[in-house]
$ cat protein-v6.txt   # compact mmCIF, C-alpha atoms
# COMPACT_ATOMS: atom_id res chain seq x y z
CA ASN A 1 100.89 -45.67 64.92
CA ILE A 2 99.35 -46.41 68.32
CA SER A 3 97.46 -43.36 69.57
CA ARG A 4 96.74 -42.38 73.17
CA ALA A 5 93.05 -42.99 72.50
CA MET A 6 93.73 -46.55 71.36
CA LEU A 7 95.83 -47.19 74.45
CA SER A 8 93.03 -45.98 76.69
CA GLN A 9 90.46 -48.27 75.06
CA ALA A 10 91.97 -51.77 75.12
CA PRO A 11 95.68 -51.62 75.93
CA ALA A 12 96.20 -54.81 77.88
CA LEU A 13 94.21 -56.97 75.47
CA MET A 14 96.21 -55.78 72.47
CA PHE A 15 99.51 -55.89 74.33
CA SER A 16 99.05 -59.35 75.80
CA ALA A 17 97.89 -60.79 72.49
CA LEU A 18 101.05 -59.55 70.84
CA LEU A 19 103.38 -60.74 73.59
CA ALA A 20 101.76 -64.07 74.51
CA HIS A 21 104.21 -66.94 74.57
CA GLY A 22 104.92 -68.64 71.31
CA PRO A 23 108.16 -68.93 69.34
CA THR A 24 110.92 -67.12 71.17
CA HIS A 25 112.12 -65.56 67.95
CA GLY A 26 111.03 -65.17 64.38
CA TRP A 27 114.04 -66.47 62.53
CA VAL A 28 115.55 -69.88 61.85
CA CYS A 29 119.19 -70.87 61.44
CA ASP A 30 121.35 -73.93 61.93
CA GLU A 31 123.80 -72.34 64.33
CA ARG A 32 123.19 -72.30 68.08
CA ARG A 33 123.56 -68.54 68.04
CA CYS A 34 122.95 -66.45 64.96
CA ALA A 35 122.47 -62.81 64.08
CA LYS A 36 118.92 -61.61 64.59
CA PRO A 37 117.60 -59.90 61.46
CA ILE A 38 116.02 -56.49 61.95
CA PRO A 39 112.51 -56.37 60.44
CA SER A 40 112.01 -53.85 57.69
CA GLY A 41 110.61 -50.51 58.74
CA ILE A 42 112.20 -50.38 62.18
CA THR A 43 115.49 -49.28 63.71
CA ALA A 44 117.05 -51.21 66.57
CA SER A 45 120.11 -50.65 68.74
CA ARG A 46 121.72 -51.53 72.03
CA PHE A 47 121.07 -48.92 74.69
CA THR A 48 123.21 -48.35 77.77
CA TYR A 49 122.39 -46.08 80.67
CA THR A 50 123.81 -45.60 84.16
CA PHE A 51 121.85 -45.79 87.36
CA GLU A 52 123.52 -45.17 90.73
CA ASN A 53 127.00 -45.86 89.36
CA THR A 54 126.00 -49.11 87.65
CA ALA A 55 125.75 -49.56 83.87
CA TYR A 56 122.71 -51.28 82.39
CA GLU A 57 122.34 -52.35 78.77
CA GLY A 58 119.10 -53.16 77.00
CA TYR A 59 117.69 -53.08 73.49
CA VAL A 60 115.56 -50.40 71.86
CA SER A 61 113.49 -50.82 68.72
CA HIS A 62 111.29 -48.19 67.08
CA PRO A 63 109.71 -47.39 63.71
CA ASP A 64 111.93 -45.78 61.08
CA LYS A 65 109.30 -43.09 60.63
CA THR A 66 108.78 -41.52 64.03
CA SER A 67 106.25 -38.94 65.14
CA SER A 68 106.88 -36.17 67.65
CA LEU A 69 105.76 -38.33 70.60
CA MET A 70 105.27 -42.08 70.59
CA PRO A 71 104.12 -44.47 73.34
CA ILE A 72 106.71 -46.58 75.13
CA ALA A 73 106.49 -50.35 75.58
CA LEU A 74 108.74 -51.93 78.21
CA VAL A 75 109.51 -55.64 77.89
CA VAL A 76 110.97 -57.05 81.11
CA HIS A 77 113.09 -60.19 81.06
CA ASP A 78 112.87 -63.34 83.14
CA ARG A 79 115.60 -64.60 85.51
CA ASP A 80 117.92 -65.24 82.55
CA GLY A 81 118.22 -61.54 81.81
CA GLU A 82 117.54 -59.55 78.65
CA GLY A 83 118.11 -61.57 75.49
CA GLU A 84 116.80 -62.75 72.12
CA MET A 85 113.21 -63.36 73.16
CA GLU A 86 112.79 -59.90 74.67
CA GLN A 87 114.46 -58.35 71.63
CA PHE A 88 112.06 -60.20 69.32
CA ARG A 89 109.07 -58.92 71.32
CA ALA A 90 110.46 -55.39 71.20
CA ASP A 91 110.72 -55.60 67.42
CA GLN A 92 107.10 -56.78 67.24
CA LEU A 93 105.97 -53.80 69.28
CA ALA A 94 108.03 -51.38 67.20
CA GLN A 95 106.28 -52.66 64.10
CA VAL A 96 102.93 -51.49 65.49
CA GLY A 97 104.13 -48.07 66.55
CA PHE A 98 105.84 -48.24 69.95
CA VAL A 99 109.27 -47.16 71.08
CA ALA A 100 109.97 -50.59 72.57
CA PHE A 101 112.61 -51.11 75.25
CA ALA A 102 113.77 -54.60 76.24
CA VAL A 103 115.10 -53.54 79.61
CA ASP A 104 118.03 -54.79 81.66
CA LEU A 105 117.49 -54.90 85.42
CA PHE A 106 120.59 -56.93 86.33
CA GLY A 107 123.46 -54.86 84.95
CA LYS A 108 125.50 -54.78 81.77
CA GLY A 109 126.90 -58.22 81.00
CA LYS A 110 125.02 -59.91 83.85
CA ARG A 111 122.89 -62.66 82.38
CA GLY A 112 121.61 -66.13 83.20
CA ALA A 113 122.09 -66.49 86.96
CA ASN A 114 119.57 -66.50 89.83
CA VAL A 115 121.98 -64.49 91.95
CA TYR A 116 121.30 -61.42 89.81
CA MET A 117 117.56 -61.74 90.42
CA ARG A 118 118.15 -62.00 94.16
CA GLU A 119 120.37 -58.93 94.00
CA ALA A 120 117.62 -56.98 92.25
CA TYR A 121 115.08 -57.95 94.92
CA ALA A 122 117.46 -57.29 97.82
CA ASP A 123 116.72 -53.56 97.85
CA MET A 124 113.19 -52.91 96.62
CA GLN A 125 113.40 -49.19 97.26
CA ARG A 126 116.36 -49.00 94.91
CA LEU A 127 114.55 -51.16 92.35
CA GLN A 128 111.56 -48.80 92.41
CA ARG A 129 113.89 -45.87 91.72
CA GLN A 130 115.44 -47.80 88.85
CA LEU A 131 112.04 -48.51 87.30
CA GLN A 132 111.48 -44.76 87.15
CA GLN A 133 115.00 -43.97 85.99
CA GLN A 134 114.96 -46.34 83.03
CA LEU A 135 111.92 -44.52 81.66
CA GLN A 136 113.62 -41.17 82.07
CA ALA A 137 116.86 -42.42 80.54
CA LEU A 138 115.00 -43.82 77.52
CA ALA A 139 113.11 -40.55 76.98
CA ALA A 140 116.32 -38.53 77.25
CA ALA A 141 118.07 -40.66 74.63
CA PHE A 142 115.05 -41.04 72.34
CA PRO A 143 113.15 -37.71 72.33
CA MET A 144 110.16 -39.21 70.49
CA ALA A 145 109.54 -41.62 73.42
CA ASP A 146 106.72 -40.41 75.67
CA PRO A 147 107.20 -41.50 79.33
CA SER A 148 103.73 -40.17 80.16
CA ASN A 149 102.21 -42.81 77.88
CA PHE A 150 103.65 -46.30 78.38
CA ILE A 151 102.82 -49.95 78.85
CA VAL A 152 104.84 -52.80 80.36
CA ALA A 153 104.88 -56.59 80.11
CA GLY A 154 107.17 -59.11 81.71
CA TYR A 155 107.89 -62.81 81.99
CA CYS A 156 108.49 -64.66 85.28
CA PHE A 157 110.74 -62.22 87.21
CA GLY A 158 109.62 -59.61 84.71
CA GLY A 159 105.97 -60.45 85.39
CA ASN A 160 106.44 -59.41 88.99
CA ILE A 161 108.19 -56.24 87.82
CA ALA A 162 105.15 -55.44 85.64
CA MET A 163 103.03 -55.65 88.79
CA GLU A 164 105.48 -53.41 90.63
CA TYR A 165 104.82 -50.80 87.96
CA ALA A 166 101.06 -51.28 88.35
CA ARG A 167 101.04 -50.88 92.11
CA GLY A 168 103.62 -48.13 92.16
CA SER A 169 103.41 -44.43 91.42
CA PHE A 170 103.72 -44.25 87.62
CA PRO A 171 101.01 -41.91 86.32
CA GLY A 172 101.93 -42.54 82.68
CA LEU A 173 101.29 -46.29 82.90
CA ARG A 174 98.39 -47.40 80.68
CA ALA A 175 98.65 -51.19 80.98
CA ALA A 176 100.66 -53.84 82.83
CA VAL A 177 100.70 -57.47 81.71
CA SER A 178 102.32 -60.34 83.61
CA PHE A 179 103.12 -63.76 82.13
CA HIS A 180 103.71 -66.45 84.81
CA GLY A 181 104.99 -63.78 87.17
CA THR A 182 106.91 -64.66 90.32
CA PHE A 183 104.57 -62.82 92.65
CA MET A 184 105.46 -61.81 96.16
CA ASN A 185 104.62 -59.05 98.60
CA THR A 186 107.76 -57.18 97.70
CA MET A 187 106.80 -53.74 98.96
CA PRO A 188 104.72 -54.12 102.16
CA SER A 189 105.73 -50.62 103.28
CA SER A 190 104.50 -49.12 100.01
CA PRO A 191 100.85 -50.12 99.51
CA ALA A 192 99.32 -50.18 96.06
CA SER A 193 97.80 -47.02 94.70
CA SER A 194 94.03 -47.11 95.05
CA PRO A 195 92.43 -47.36 92.64
CA LEU A 196 94.93 -48.72 90.12
CA SER A 197 95.30 -46.29 87.25
CA ALA A 198 96.36 -48.90 84.68
CA VAL A 199 94.65 -51.84 83.04
CA VAL A 200 96.19 -55.03 84.47
CA GLN A 201 96.24 -58.57 83.08
CA VAL A 202 97.79 -61.60 84.79
CA HIS A 203 98.38 -64.79 82.79
CA HIS A 204 99.35 -68.03 84.51
CA ALA A 205 98.37 -70.70 81.96
CA ASP A 206 98.26 -74.06 83.76
CA ASP A 207 97.90 -72.32 87.13
CA ASP A 208 94.55 -70.90 86.01
CA PHE A 209 91.25 -72.69 86.58
CA GLN A 210 89.91 -74.15 83.35
CA ASP A 211 86.44 -75.71 83.22
CA LEU A 212 87.28 -77.99 80.33
CA SER A 213 84.14 -80.08 80.71
CA PHE A 214 81.83 -77.06 80.35
CA GLY A 215 79.59 -78.84 82.83
CA GLY A 216 80.80 -77.69 86.22
CA GLY A 217 83.36 -80.44 86.82
CA GLY A 218 86.37 -78.39 85.83
CA THR A 219 90.03 -79.15 86.05
CA TRP A 220 92.86 -77.46 87.86
CA GLY A 221 95.74 -76.84 85.51
CA GLY A 222 94.64 -79.62 83.19
CA SER A 223 94.99 -82.20 85.97
CA GLY A 224 91.97 -84.23 84.88
CA GLY A 225 89.67 -82.92 87.59
CA ASN A 226 91.75 -83.92 90.61
CA ASP A 227 94.04 -82.00 92.90
CA ALA A 228 97.15 -84.18 93.05
CA SER A 229 98.05 -82.99 96.54
CA THR A 230 94.64 -83.67 98.17
CA GLY A 231 92.80 -86.00 95.80
CA ALA A 232 89.87 -83.58 95.86
CA SER A 233 87.63 -83.05 92.92
CA GLY A 234 88.73 -80.29 90.58
CA SER A 235 85.26 -78.78 90.72
CA GLN A 236 86.06 -77.24 94.12
CA TRP A 237 88.31 -74.73 92.38
CA GLY A 238 85.32 -73.19 90.59
$ encode --input "protein-v6.txt" --output "structure tokens"
Amino acid sequence: NISRAMLSQAPALMFSALLAHGPTHGWVCDERRCAKPIPSGITASRFTYTFENTAYEGYVSHPDKTSSLMPIALVVHDRDGEGEMEQFRADQLAQVGFVAFAVDLFGKGKRGANVYMREAYADMQRLQRQLQQQLQALAAAFPMADPSNFIVAGYCFGGNIAMEYARGSFPGLRAAVSFHGTFMNTMPSSPASSPLSAVVQVHHADDDFQDLSFGGGGTWGGSGGNDASTGASGSQWG
């Protein structure tokens, strides 16, 4: 199991390595949609909770053998909503000792439409309350889940949500990891806590500077050393 000491030492590195993009699921079938097998040694279920008169439904996975208190891992979906990829990542995290929650921030049955993402962003104060509530709801339903010891990762929309956790008031947060997050100054009236209490990693792949030549003439996003918009040498980005 993952101990508090381990989380305090290198949480984001371990977490991001496990959740880095690769196959979106670990099973193969000929049908467009097929039943996801549950890995041995873990228990998984749908989880519904209510927040401000709206039902939300996610996916919880945890080890069969649970201890009295176990760290929580939140996996936050992209604009398509919670689905197979987030469930697969939750199962991975459960296998290494987390109570893993693939969250739903759009609402039960609301999947695959940009309008739901815009609705979530429309009231950031409400969204901040929901981020806290989903931790409390998980801990109430799964007593072994420790809300004072949690990590979060997200993709695209979820990457920005991971940063909202990092710059918000969540004392139990140990690490926040964003994969190609849709960043924006979403809470100008609520400045980031200073200093940040969690380890933070931000991954942007081809948006990151990469000095592929190892000689100072690097490239921007693998563009061959040129900025397509200005024609400038890629080395300026170093």
$ atom_distance --input "protein-v6.txt" --atom1 "CA of Pro147 in chain A" --atom2 "CA of Glu86 in chain A"
19.8 Å
$ atom_distance --input "protein-v6.txt" --atom1 "CA of Glu52 in chain A" --atom2 "CA of Ser68 in chain A"
29.8 Å
$ atom_distance --input "protein-v6.txt" --atom1 "CA of Gln125 in chain A" --atom2 "CA of Ser61 in chain A"
28.6 Å
$ closest_residue --input "protein-v6.txt" --among "A:Leu135, A:Met163, A:Leu127, A:Ala55" --to "Lys110 in chain A" --atoms "only C-alpha atoms"
A:Ala55
$ closest_residue --input "protein-v6.txt" --among "A:Gly97, A:Pro63, A:Gly83, A:Pro71" --to "Asp146 in chain A" --atoms "all atoms listed in the file"
A:Pro71
$ decode --input "protein-v6.txt" --residues "range 130-149 of chain A" --atoms "N, CA, C and O atoms" --output "tab-separated table (two decimals), in the first residue's frame"
chain	number	residue	atom	x	y	z
A	130	GLN	N	-17.93	22.12	-5.15
A	130	GLN	CA	-18.10	20.74	-5.59
A	130	GLN	C	-16.81	19.94	-5.45
A	130	GLN	O	-16.84	18.75	-5.10
A	131	LEU	N	-15.68	20.56	-5.73
A	131	LEU	CA	-14.40	19.86	-5.59
A	131	LEU	C	-14.20	19.38	-4.16
A	131	LEU	O	-13.65	18.30	-3.92
A	132	GLN	N	-14.64	20.20	-3.20
A	132	GLN	CA	-14.55	19.80	-1.80
A	132	GLN	C	-15.58	18.73	-1.47
A	132	GLN	O	-15.28	17.74	-0.79
A	133	GLN	N	-16.79	18.90	-1.98
A	133	GLN	CA	-17.88	17.99	-1.66
A	133	GLN	C	-17.63	16.58	-2.17
A	133	GLN	O	-17.95	15.60	-1.51
A	134	GLN	N	-17.02	16.45	-3.35
A	134	GLN	CA	-16.83	15.10	-3.88
A	134	GLN	C	-15.82	14.32	-3.04
A	134	GLN	O	-15.94	13.10	-2.91
A	135	LEU	N	-14.88	15.00	-2.42
A	135	LEU	CA	-13.99	14.33	-1.47
A	135	LEU	C	-14.75	13.86	-0.25
A	135	LEU	O	-14.59	12.73	0.22
A	136	GLN	N	-15.58	14.73	0.28
A	136	GLN	CA	-16.35	14.38	1.48
A	136	GLN	C	-17.34	13.26	1.20
A	136	GLN	O	-17.52	12.36	2.03
A	137	ALA	N	-17.98	13.31	0.04
A	137	ALA	CA	-18.94	12.27	-0.32
A	137	ALA	C	-18.25	10.92	-0.47
A	137	ALA	O	-18.77	9.88	-0.03
A	138	LEU	N	-17.06	10.92	-1.08
A	138	LEU	CA	-16.31	9.67	-1.25
A	138	LEU	C	-15.94	9.10	0.12
A	138	LEU	O	-16.11	7.90	0.36
A	139	ALA	N	-15.44	9.94	1.02
A	139	ALA	CA	-15.02	9.48	2.34
A	139	ALA	C	-16.20	8.96	3.15
A	139	ALA	O	-16.06	8.00	3.92
A	140	ALA	N	-17.37	9.57	2.97
A	140	ALA	CA	-18.56	9.12	3.70
A	140	ALA	C	-19.01	7.75	3.22
A	140	ALA	O	-19.47	6.92	4.01
A	141	ALA	N	-18.89	7.50	1.93
A	141	ALA	CA	-19.34	6.22	1.36
A	141	ALA	C	-18.29	5.13	1.48
A	141	ALA	O	-18.64	3.95	1.51
A	142	PHE	N	-17.02	5.52	1.55
A	142	PHE	CA	-15.92	4.56	1.63
A	142	PHE	C	-15.06	4.95	2.84
A	142	PHE	O	-14.11	5.74	2.70
A	143	PRO	N	-15.38	4.44	4.02
A	143	PRO	CA	-14.73	4.89	5.26
A	143	PRO	C	-13.22	4.72	5.26
A	143	PRO	O	-12.52	5.41	6.03
A	144	MET	N	-12.68	3.84	4.44
A	144	MET	CA	-11.21	3.67	4.41
A	144	MET	C	-10.53	4.77	3.61
A	144	MET	O	-9.30	4.87	3.62
A	145	ALA	N	-11.28	5.60	2.88
A	145	ALA	CA	-10.71	6.67	2.07
A	145	ALA	C	-10.37	7.86	2.96
A	145	ALA	O	-11.21	8.35	3.70
A	146	ASP	N	-9.15	8.34	2.86
A	146	ASP	CA	-8.65	9.41	3.73
A	146	ASP	C	-8.60	10.73	2.97
A	146	ASP	O	-7.67	10.98	2.20
A	147	PRO	N	-9.57	11.65	3.18
A	147	PRO	CA	-9.59	12.92	2.45
A	147	PRO	C	-8.48	13.87	2.88
A	147	PRO	O	-8.25	14.89	2.22
A	148	SER	N	-7.78	13.55	3.97
A	148	SER	CA	-6.66	14.38	4.39
A	148	SER	C	-5.36	13.93	3.75
A	148	SER	O	-4.28	14.44	4.09
A	149	ASN	N	-5.45	13.00	2.80
A	149	ASN	CA	-4.26	12.46	2.16
A	149	ASN	C	-4.64	12.04	0.73
A	149	ASN	O	-4.97	10.90	0.48
